[in-house]
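Student: Before I ask anything, let me first share the structure, which is written out below as structure tokens.
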Amino acid sequence: MPQPEQPYNPVAEYEKIYGKKKISVKEKKVLIACPTLGLDPNPDRWLNSFIKILNNVRREGFTHALFAPYRTTWWTANNEIWDTAFANKFDYILRIDDDIHGVPTDGFSKLLAADKDVIGAAYCNRRFPYTVQALVRTKEMSFIDCFNENNMCLQSVQFHGYKGEHEQQVELIGFGMTLIKVAPFKYLERPMYKGTEVCPDDSYFAQICLDNGIKQYVHWGVRIHHAHVTFANAGHLYNADILEAHPEINAKSPNVILADPLEPPKEVANAS
């Protein structure tokens, strides 16, 4: 007796041709967002890292878009990033700055695999004391108050020479390259940034996370460079600044040459 004709099944047809099951899942979407876009004229730095990020995102099978608000104030740009992510149903925001470079080819994959609500790459501040931007508070106060105290109540969770590769919980992760799940922020008050506080956006964001029980992490296996500062030279830059501020320390060693405070160290300008 002839069997009734079965309706077309694209998954079964795929298995017949390729011999493996096709996974039918919603394609994930990531918004690669940079609130400023003052492109570094050296293509070996920011542009090279941006291309690495795009290639990595594509290897992970993500739909992606780049969003860099143009000619807007800082807080407006950050709010536009979140509004765009919500309106277009992005699953993630990959928040990057325009002065980072040296991004590993698998940096996005490592942040994604960690499966955290907020997780960022490890990098050093571009200014003295060149602290790794993975911070905790030493006092029970808001991040805005910490900033107004010149960050004296913030300390890095590790030192420049730390060699670990794991993820570590922090209270403030810098926004150099940070992967953020959109869903935990969906029902929070908007606009995300009120624009009334004088502090960096990552400090403001850290306070939002703290107030709403959203944990932040640093991934020590994803290390990037920040302007002229790298993990390899941050300690040397720190020592040079200390010696310049306190020449009495080096009074008996006239052969030591201090860094020129007006120029970044040229030998590390293209470090990768």
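All residue names refer to the structure tokens as shown: chains lettered A, B, ... in order, residues numbered from 1 in each chain, ligands numbered from 1 in order.
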Within 8 Å of region 58-81 of chain A, which residues of region 120-217 of chain A show up? Give each one with its shortest atom-to-atom distance in Å (one decimal) and the two atoms involved, counting only C-alpha atoms, rows by chain then rising residue number, as CSV.

Tutor:
residue,atom,partner,partner_atom,distance
A:Pro191,CA,A:Asn79,CA,6.2
A:Met192,CA,A:Asn79,CA,6.1
A:Tyr193,CA,A:Asn79,CA,6.2
A:Lys194,CA,A:Trp75,CA,7.5
A:Gly195,CA,A:Trp75,CA,5.4
A:Asp201,CA,A:Trp75,CA,7.7

Student: Show which residues sit within 6 Å of region 165-175 of chain A, as a list in words. Count only C-alpha atoms, and ignore same-chain residues fewer than 5 positions away.

Tutor: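 Final neighbour list, sorted by chain and number: Gln133, Ala134, Leu135, Val136, Asp202, Ala206, Gln216, Tyr217, Val218, His219, Trp220 and Gly221 of chain A.
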
Student: Going by DSSP on the backbone, which residues of region 22-100 of chain A come out as alpha helix (DSSP H)? List them as a ChimeraX atom specification.

Tutor: /A:46-59,74-87

Student: Excluding Asp97 (chain A) and any residue of its chain fewer than 5 positions from it, enumerate the residues within 9 Å of it, using only C-alpha atoms, and give them as a ChimeraX atom specification.

Tutor: /A:33-37,175-177

Student: Have a look at A:Val132, A:Cys209, A:Met152, A:Ile100 and name the one nearest to Leu47 (chain A); count only C-alpha atoms.

Tutor: A:Ile100

Student: Excluding Tyr204 (chain A) and any residue of its chain fewer than 4 positions from it, enumerate the residues within 9 Å of it, using only C-alpha atoms, and give them as a PyMOL selection string.

Tutor: chain A and resi 143-144+193+197+199-200+208-209

Student: Please compute the CA of Ile119 (chain A)-CA of Val222 (chain A) distance, one decimal, in Å.

Tutor: 10.3 Å

Student: Looking only at the backbone, which of the residues in region 113-265 of chain A does DSSP tag as strand (DSSP E), as a PyMOL selection string?

Tutor: chain A and resi 118-122+134-137+154-156+167-170+172-173+177-181+216-223+225-226

Student: Tell me, in Å to one decimal, how far CA of Ile214 (chain A) is from CA of Gln158 (chain A).

Tutor: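 Going from CA of Ile214 (chain A) over to CA of Gln158 (chain A), I get 21.4 Å.
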
Student: Provide the CA of Val30 (chain A) to CA of Ser156 (chain A) distance in Å, to one decimal place.

Tutor: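 CA of Ser156 (chain A) lies at a distance of 28.5 Å from CA of Val30 (chain A).
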